[in-house]
file start-v4.txt (compact mmCIF, C-alpha atoms)
# COMPACT_ATOMS: atom_id res chain seq x y z
CA MET A 1 123.32 151.21 117.42
CA LEU A 2 122.47 148.37 115.05
CA ARG A 3 121.85 149.65 111.52
CA GLY A 4 122.27 146.71 109.14
CA LEU A 5 121.67 142.96 109.01
CA ILE A 6 123.41 140.49 106.71
CA PHE A 7 121.75 137.12 106.12
CA ASP A 8 122.97 133.82 104.84
CA LEU A 9 120.57 132.28 102.27
CA GLY A 10 120.44 128.48 102.39
CA SER A 11 119.12 127.02 105.69
CA THR A 12 118.63 130.58 106.94
CA LEU A 13 116.08 132.27 104.68
CA ILE A 14 115.16 129.19 102.65
CA TYR A 15 115.52 125.48 103.36
CA THR A 16 115.14 122.01 101.90
CA GLU A 17 114.25 118.75 103.61
CA HIS A 18 117.72 117.40 102.83
CA ASP A 19 119.38 120.50 104.35
CA HIS A 20 123.14 120.00 104.02
CA ASN A 21 122.88 116.37 102.88
CA TRP A 22 123.95 116.94 99.30
CA GLY A 23 124.40 113.23 98.81
CA ALA A 24 120.61 112.96 98.66
CA VAL A 25 120.35 115.10 95.51
CA LEU A 26 123.73 115.07 93.76
CA PRO A 27 123.20 111.78 91.86
CA ARG A 28 120.05 113.19 90.24
CA MET A 29 121.69 116.56 89.53
CA ARG A 30 124.75 114.98 87.90
CA ALA A 31 122.62 112.57 85.87
CA ASP A 32 120.59 115.55 84.59
CA LEU A 33 123.79 117.34 83.64
CA LEU A 34 125.12 114.33 81.76
CA ALA A 35 121.83 113.90 79.89
CA HIS A 36 121.85 117.56 78.88
CA LEU A 37 125.43 117.44 77.62
CA ARG A 38 124.71 114.33 75.59
CA ALA A 39 121.63 116.00 74.10
CA ALA A 40 123.86 118.96 73.20
CA GLY A 41 126.12 116.65 71.17
CA TYR A 42 128.75 115.49 73.65
CA THR A 43 129.64 111.81 73.31
CA LEU A 44 130.64 111.20 76.90
CA ASP A 45 131.29 107.93 78.66
CA GLY A 46 128.83 108.24 81.54
CA PRO A 47 130.78 106.61 84.38
CA ALA A 48 134.04 108.28 83.34
CA PHE A 49 132.42 111.73 83.23
CA LEU A 50 130.55 111.34 86.52
CA ASN A 51 133.60 109.96 88.34
CA GLN A 52 135.83 112.76 87.05
CA LEU A 53 133.25 115.41 87.92
CA SER A 54 132.83 114.01 91.43
CA ALA A 55 136.58 113.90 91.98
CA LYS A 56 136.99 117.45 90.73
CA TYR A 57 134.23 118.70 93.02
CA HIS A 58 135.77 116.96 96.01
CA GLU A 59 139.21 118.38 95.23
CA PHE A 60 138.05 121.95 94.99
CA ASP A 61 135.55 121.71 97.83
CA GLN A 62 138.45 120.87 100.10
CA GLN A 63 140.50 123.68 98.60
CA ARG A 64 137.82 126.34 99.05
CA GLN A 65 137.42 125.39 102.72
CA ASN A 66 141.12 126.07 103.20
CA ASP A 67 141.72 129.23 101.18
CA TRP A 68 138.22 130.80 101.31
CA GLN A 69 138.31 131.33 97.56
CA GLU A 70 135.38 130.25 95.37
CA TYR A 71 135.66 127.66 92.62
CA THR A 72 132.57 127.86 90.45
CA THR A 73 130.57 125.01 88.97
CA GLU A 74 131.28 126.50 85.55
CA TRP A 75 135.01 126.28 86.17
CA ILE A 76 134.79 122.74 87.52
CA LEU A 77 132.63 121.56 84.59
CA THR A 78 134.81 123.08 81.88
CA ASN A 79 137.95 121.64 83.46
CA THR A 80 136.33 118.22 83.77
CA LEU A 81 135.42 118.23 80.08
CA ALA A 82 138.91 119.39 79.13
CA GLU A 83 140.54 116.62 81.14
CA LEU A 84 138.36 114.09 79.33
CA GLY A 85 139.46 115.48 75.95
CA ALA A 86 136.04 117.01 75.18
CA PRO A 87 135.81 120.40 73.45
CA PRO A 88 134.92 123.45 75.53
CA PRO A 89 131.17 124.14 75.51
CA ALA A 90 129.84 127.19 73.70
CA PRO A 91 128.57 129.88 76.12
CA ALA A 92 124.90 129.10 75.40
CA VAL A 93 125.48 125.37 75.89
CA LEU A 94 127.32 126.01 79.15
CA THR A 95 124.57 128.28 80.49
CA GLU A 96 121.86 125.73 79.74
CA ALA A 97 123.96 122.86 81.11
CA LEU A 98 124.33 124.65 84.43
CA ARG A 99 120.61 125.39 84.47
CA ALA A 100 119.88 121.70 83.87
CA TYR A 101 122.29 120.75 86.64
CA TYR A 102 120.55 122.90 89.27
CA ARG A 103 116.94 122.53 88.10
CA TYR A 104 115.97 119.58 90.32
CA ASN A 105 117.62 121.04 93.40
CA GLU A 106 115.93 124.39 92.92
CA GLU A 107 112.53 122.71 93.05
CA LEU A 108 113.20 121.54 96.61
CA TRP A 109 113.79 124.89 98.34
CA ARG A 110 111.05 126.48 100.48
CA PRO A 111 110.83 129.77 102.44
CA MET A 112 111.56 129.51 106.14
CA PRO A 113 108.49 129.83 108.40
CA ALA A 114 107.62 133.47 109.16
CA LEU A 115 110.17 134.61 106.58
CA HIS A 116 108.31 137.50 104.98
CA GLU A 117 106.67 138.65 108.20
CA THR A 118 110.08 138.86 109.86
CA LEU A 119 111.69 140.71 106.98
CA GLN A 120 108.81 143.20 106.84
CA THR A 121 109.21 143.87 110.56
CA LEU A 122 112.94 144.47 110.20
CA ALA A 123 112.52 146.71 107.17
CA ALA A 124 109.88 148.73 109.02
CA ARG A 125 112.46 149.44 111.72
CA GLY A 126 114.65 151.10 109.10
CA LEU A 127 117.33 148.41 109.13
CA LYS A 128 119.37 147.81 105.98
CA LEU A 129 119.26 144.17 104.83
CA ALA A 130 121.74 142.21 102.69
CA ILE A 131 122.46 138.62 101.67
CA ILE A 132 125.85 136.92 101.45
CA SER A 133 125.66 133.38 100.08
CA ASN A 134 128.46 130.86 99.70
CA ALA A 135 127.53 129.14 96.44
CA SER A 136 129.37 127.94 93.35
CA ASP A 137 126.87 129.30 90.81
CA ASP A 138 125.57 132.86 90.90
CA ALA A 139 122.64 132.28 88.52
CA ASN A 140 121.40 129.42 90.70
CA VAL A 141 121.29 131.69 93.75
CA GLN A 142 119.60 134.51 91.86
CA ARG A 143 116.83 132.13 90.74
CA LEU A 144 116.34 130.91 94.32
CA ILE A 145 116.06 134.49 95.55
CA ASP A 146 113.40 135.29 92.97
CA GLN A 147 111.61 132.00 93.59
CA ALA A 148 111.22 132.99 97.27
CA ASN A 149 110.28 136.63 96.38
CA LEU A 150 113.20 137.99 98.40
CA ARG A 151 114.85 140.48 96.07
CA ALA A 152 112.88 143.53 97.16
CA TYR A 153 114.15 143.30 100.73
CA PHE A 154 117.90 143.05 100.12
CA ASP A 155 120.61 145.33 98.78
CA PRO A 156 123.28 144.24 98.14
CA ILE A 157 122.99 140.54 97.33
CA ILE A 158 126.47 139.00 97.19
CA VAL A 159 127.24 135.49 95.97
CA SER A 160 130.69 134.00 96.41
CA ALA A 161 130.64 132.64 92.85
CA ALA A 162 130.32 136.20 91.54
CA VAL A 163 133.04 137.79 93.69
CA GLY A 164 135.53 134.93 94.01
CA ILE A 165 135.75 134.81 97.82
CA ARG A 166 133.76 132.91 100.42
CA LYS A 167 132.69 133.32 104.02
CA PRO A 168 134.42 133.36 106.49
CA ASN A 169 136.85 135.55 104.50
CA PRO A 170 136.32 138.97 106.14
CA LYS A 171 136.67 140.69 102.76
CA ILE A 172 133.29 139.38 101.59
CA PHE A 173 131.58 141.08 104.54
CA GLU A 174 133.40 144.32 103.79
CA LEU A 175 131.64 144.44 100.42
CA VAL A 176 128.34 144.94 102.24
CA TRP A 177 129.12 147.43 104.93
CA GLN A 178 131.32 149.48 102.64
CA ALA A 179 128.39 149.68 100.20
CA TRP A 180 126.17 150.80 103.07
CA GLY A 181 128.70 153.23 104.51
CA ILE A 182 128.19 151.62 107.93
CA ALA A 183 130.88 150.48 110.36
CA PRO A 184 130.98 146.72 111.02
CA ALA A 185 130.26 147.28 114.70
CA HIS A 186 126.80 148.49 113.65
CA CYS A 187 126.04 145.36 111.59
CA ALA A 188 125.02 141.81 112.48
CA MET A 189 125.31 138.54 110.57
CA ILE A 190 122.55 135.93 110.81
CA GLY A 191 123.27 132.42 109.56
CA ASP A 192 123.17 128.70 110.28
CA THR A 193 126.86 127.78 109.83
CA LEU A 194 129.33 128.38 112.64
CA GLY A 195 132.47 128.14 110.52
CA ALA A 196 131.28 130.45 107.74
CA ASP A 197 128.65 132.82 109.11
CA ILE A 198 129.54 133.18 112.77
CA LEU A 199 133.33 132.97 112.58
CA GLY A 200 133.33 135.22 109.52
CA ALA A 201 131.28 137.86 111.29
CA GLN A 202 133.52 137.70 114.35
CA MET A 203 136.68 138.15 112.26
CA ALA A 204 135.05 141.09 110.48
CA GLY A 205 134.16 142.79 113.77
CA MET A 206 130.40 142.31 113.43
CA HIS A 207 127.67 141.12 115.76
CA ASN A 208 126.55 137.57 115.03
CA ILE A 209 123.42 135.48 115.54
CA TRP A 210 123.27 131.74 115.00
CA LEU A 211 119.99 130.37 113.60
CA THR A 212 119.75 126.77 114.81
CA SER A 213 116.55 125.42 113.24
CA HIS A 214 118.46 123.79 110.35
CA ALA A 215 121.97 123.87 111.80
CA HIS A 216 122.37 120.21 112.77
CA HIS A 217 125.06 119.16 110.30
CA SER A 218 128.59 117.83 110.51
CA ALA A 219 130.35 121.15 109.90
CA ASN A 220 128.67 122.66 112.94
CA VAL A 221 129.30 119.60 115.09
CA ALA A 222 133.02 120.00 114.42
CA HIS A 223 132.98 123.66 115.50
CA ARG A 224 130.54 123.49 118.41
CA GLY A 225 132.23 124.80 121.54
CA ASN A 226 135.12 126.29 119.58
CA ILE A 227 133.14 128.95 117.74
CA VAL A 228 130.74 130.58 120.18
CA PRO A 229 128.00 132.80 118.70
CA GLU A 230 127.07 136.05 120.37
CA LEU A 231 123.37 135.12 120.30
CA GLU A 232 121.27 132.13 119.20
CA ILE A 233 117.73 131.91 117.84
CA ALA A 234 115.63 128.84 117.11
CA THR A 235 113.49 130.45 114.40
CA LEU A 236 113.51 133.56 112.23
CA ALA A 237 110.41 134.75 114.08
CA ASP A 238 112.62 135.14 117.19
CA LEU A 239 114.95 137.59 115.46
CA PRO A 240 113.16 140.93 115.98
CA THR A 241 112.99 140.37 119.74
CA VAL A 242 116.57 139.12 120.08
CA LEU A 243 117.91 142.16 118.23
CA GLU A 244 116.90 144.29 121.19
CA LYS A 245 119.79 142.69 123.10
CA LEU A 246 122.22 144.29 120.66

call {"tool": "encode", "arguments": {"input": "start-v4.txt", "output": "structure tokens"}}
result
Amino acid sequence: MLRGLIFDLGSTLIYTEHDHNWGAVLPRMRADLLAHLRAAGYTLDGPAFLNQLSAKYHEFDQQRQNDWQEYTTEWILTNTLAELGAPPPAPAVLTEALRAYYRYNEELWRPMPALHETLQTLAARGLKLAIISNASDDANVQRLIDQANLRAYFDPIIVSAAVGIRKPNPKIFELVWQAWGIAPAHCAMIGDTLGADILGAQMAGMHNIWLTSHAHHSANVAHRGNIVPELEIATLADLPTVLEKL
């Protein structure tokens, strides 16, 4: 019997028009970060800082895909500054710098169609609901959750930046069903990414449902045919009916 559902966040519960095309927003985000640091008193050479930050992100993005460990934006930023010979930012400066970095991107996210109606239906059935999000900044995710008025539906809410591990690492799924006291066989994962959400759920012994409405990105193309989801849905509104198959 199905007793709990775990959801991905980005491109599952909320979406942006750029979806997984971070190249469309990163130049603006990094320019905002640089402007904030300069306003805070850092005398940074713009091209040198941006190039070093980009290289550091690329390095650790590749690493986190391999070891399923999270490298936070805070860690990447402080190491970038250190490598450029800049002093470490004070905690308040660092917090506001990260907020400035994510501000533009946060404005772009919207709730998925039929989001709240679907969640209300699932909650009315007595199902436990949780979120697991792969993200390099916990505060960013928490703001997105509140922006979409999602917090009341989900417990727990787990962000890889806060716990240090990422999907598909089975240990991140364990954090949810151990908190619930429910066996993984009685839980299902719903997400848009085959390599993180679906493979992770399969390795953790959970049911899995692939949401395809915003799943057309390179990571999924690479895994299509190799990672086969248990079920597929085109929209969140299809979820309550599909769950009957489990």

call {"tool": "closest_residue", "arguments": {"input": "start-v4.txt", "among": "A:Ala135, A:Ala48, A:Ala204, A:Leu239", "to": "Leu81 of chain A", "atoms": "only C-alpha atoms"}}
result
A:Ala48

call {"tool": "axis_aligned_box", "arguments": {"input": "start-v4.txt", "around": "segment 129-135 of chain A", "padding_each_side": "6 Å", "output": "JSON"}}
result
{"center_x": 123.9, "center_y": 136.7, "center_z": 100.6, "size_x": 21.2, "size_y": 27.0, "size_z": 20.4}

call {"tool": "closest_residue", "arguments": {"input": "start-v4.txt", "among": "A:Asp238, A:Asp192, A:Asp155, A:Asp138", "to": "Trp180 of chain A", "atoms": "all atoms listed in the file"}}
result
A:Asp155

call {"tool": "closest_residue", "arguments": {"input": "start-v4.txt", "among": "A:Leu50, A:Leu129, A:Leu199, A:Ala219", "to": "Arg151 of chain A", "atoms": "all atoms listed in the file"}}
result
A:Leu129

call {"tool": "residues_around", "arguments": {"input": "start-v4.txt", "residues": "Ala237 of chain A", "least_positions_apart": "4", "cutoff": "9 Å", "atoms": "only C-alpha atoms", "output": "PyMOL selection string"}}
result
chain A and resi 113-115+117-118+233+241

call {"tool": "decode", "arguments": {"input": "start-v4.txt", "residues": "segment 112-148 of chain A", "atoms": "C-alpha atoms", "output": "short mmCIF file (atom, residue, chain, number, x, y, z; two decimals), in the first residue's frame"}}
result
data_model
loop_
_atom_site.label_atom_id
_atom_site.label_comp_id
_atom_site.auth_asym_id
_atom_site.auth_seq_id
_atom_site.Cartn_x
_atom_site.Cartn_y
_atom_site.Cartn_z
CA MET A 112 3.15 24.05 -12.18
CA PRO A 113 -0.41 23.96 -13.58
CA ALA A 114 -2.87 22.27 -11.20
CA LEU A 115 -0.20 22.23 -8.49
CA HIS A 116 -2.27 23.09 -5.43
CA GLU A 117 -5.34 21.18 -6.57
CA THR A 118 -3.22 18.05 -7.00
CA LEU A 119 -1.50 18.41 -3.64
CA GLN A 120 -4.83 18.97 -1.89
CA THR A 121 -6.20 15.80 -3.47
CA LEU A 122 -3.19 13.77 -2.37
CA ALA A 123 -3.25 15.17 1.16
CA ALA A 124 -6.97 14.38 1.41
CA ARG A 125 -6.14 10.74 0.69
CA GLY A 126 -3.96 10.69 3.80
CA LEU A 127 -0.67 10.41 1.92
CA LYS A 128 2.47 11.82 3.50
CA LEU A 129 4.27 14.31 1.23
CA ALA A 130 7.94 15.36 1.18
CA ILE A 131 10.36 17.29 -1.03
CA ILE A 132 13.93 16.37 -1.90
CA SER A 133 15.71 19.02 -3.96
CA ASN A 134 19.19 18.89 -5.46
CA ALA A 135 20.35 22.49 -5.04
CA SER A 136 23.55 24.23 -4.00
CA ASP A 137 21.91 26.79 -1.70
CA ASP A 138 19.38 25.86 0.97
CA ALA A 139 18.10 29.40 1.56
CA ASN A 140 17.35 29.78 -2.15
CA VAL A 141 15.18 26.66 -2.11
CA GLN A 142 13.39 27.67 1.07
CA ARG A 143 12.46 31.03 -0.50
CA LEU A 144 11.15 29.28 -3.62
CA ILE A 145 9.03 26.97 -1.49
CA ASP A 146 7.48 29.89 0.37
CA GLN A 147 7.05 31.88 -2.84
CA ALA A 148 4.92 29.03 -4.23
#
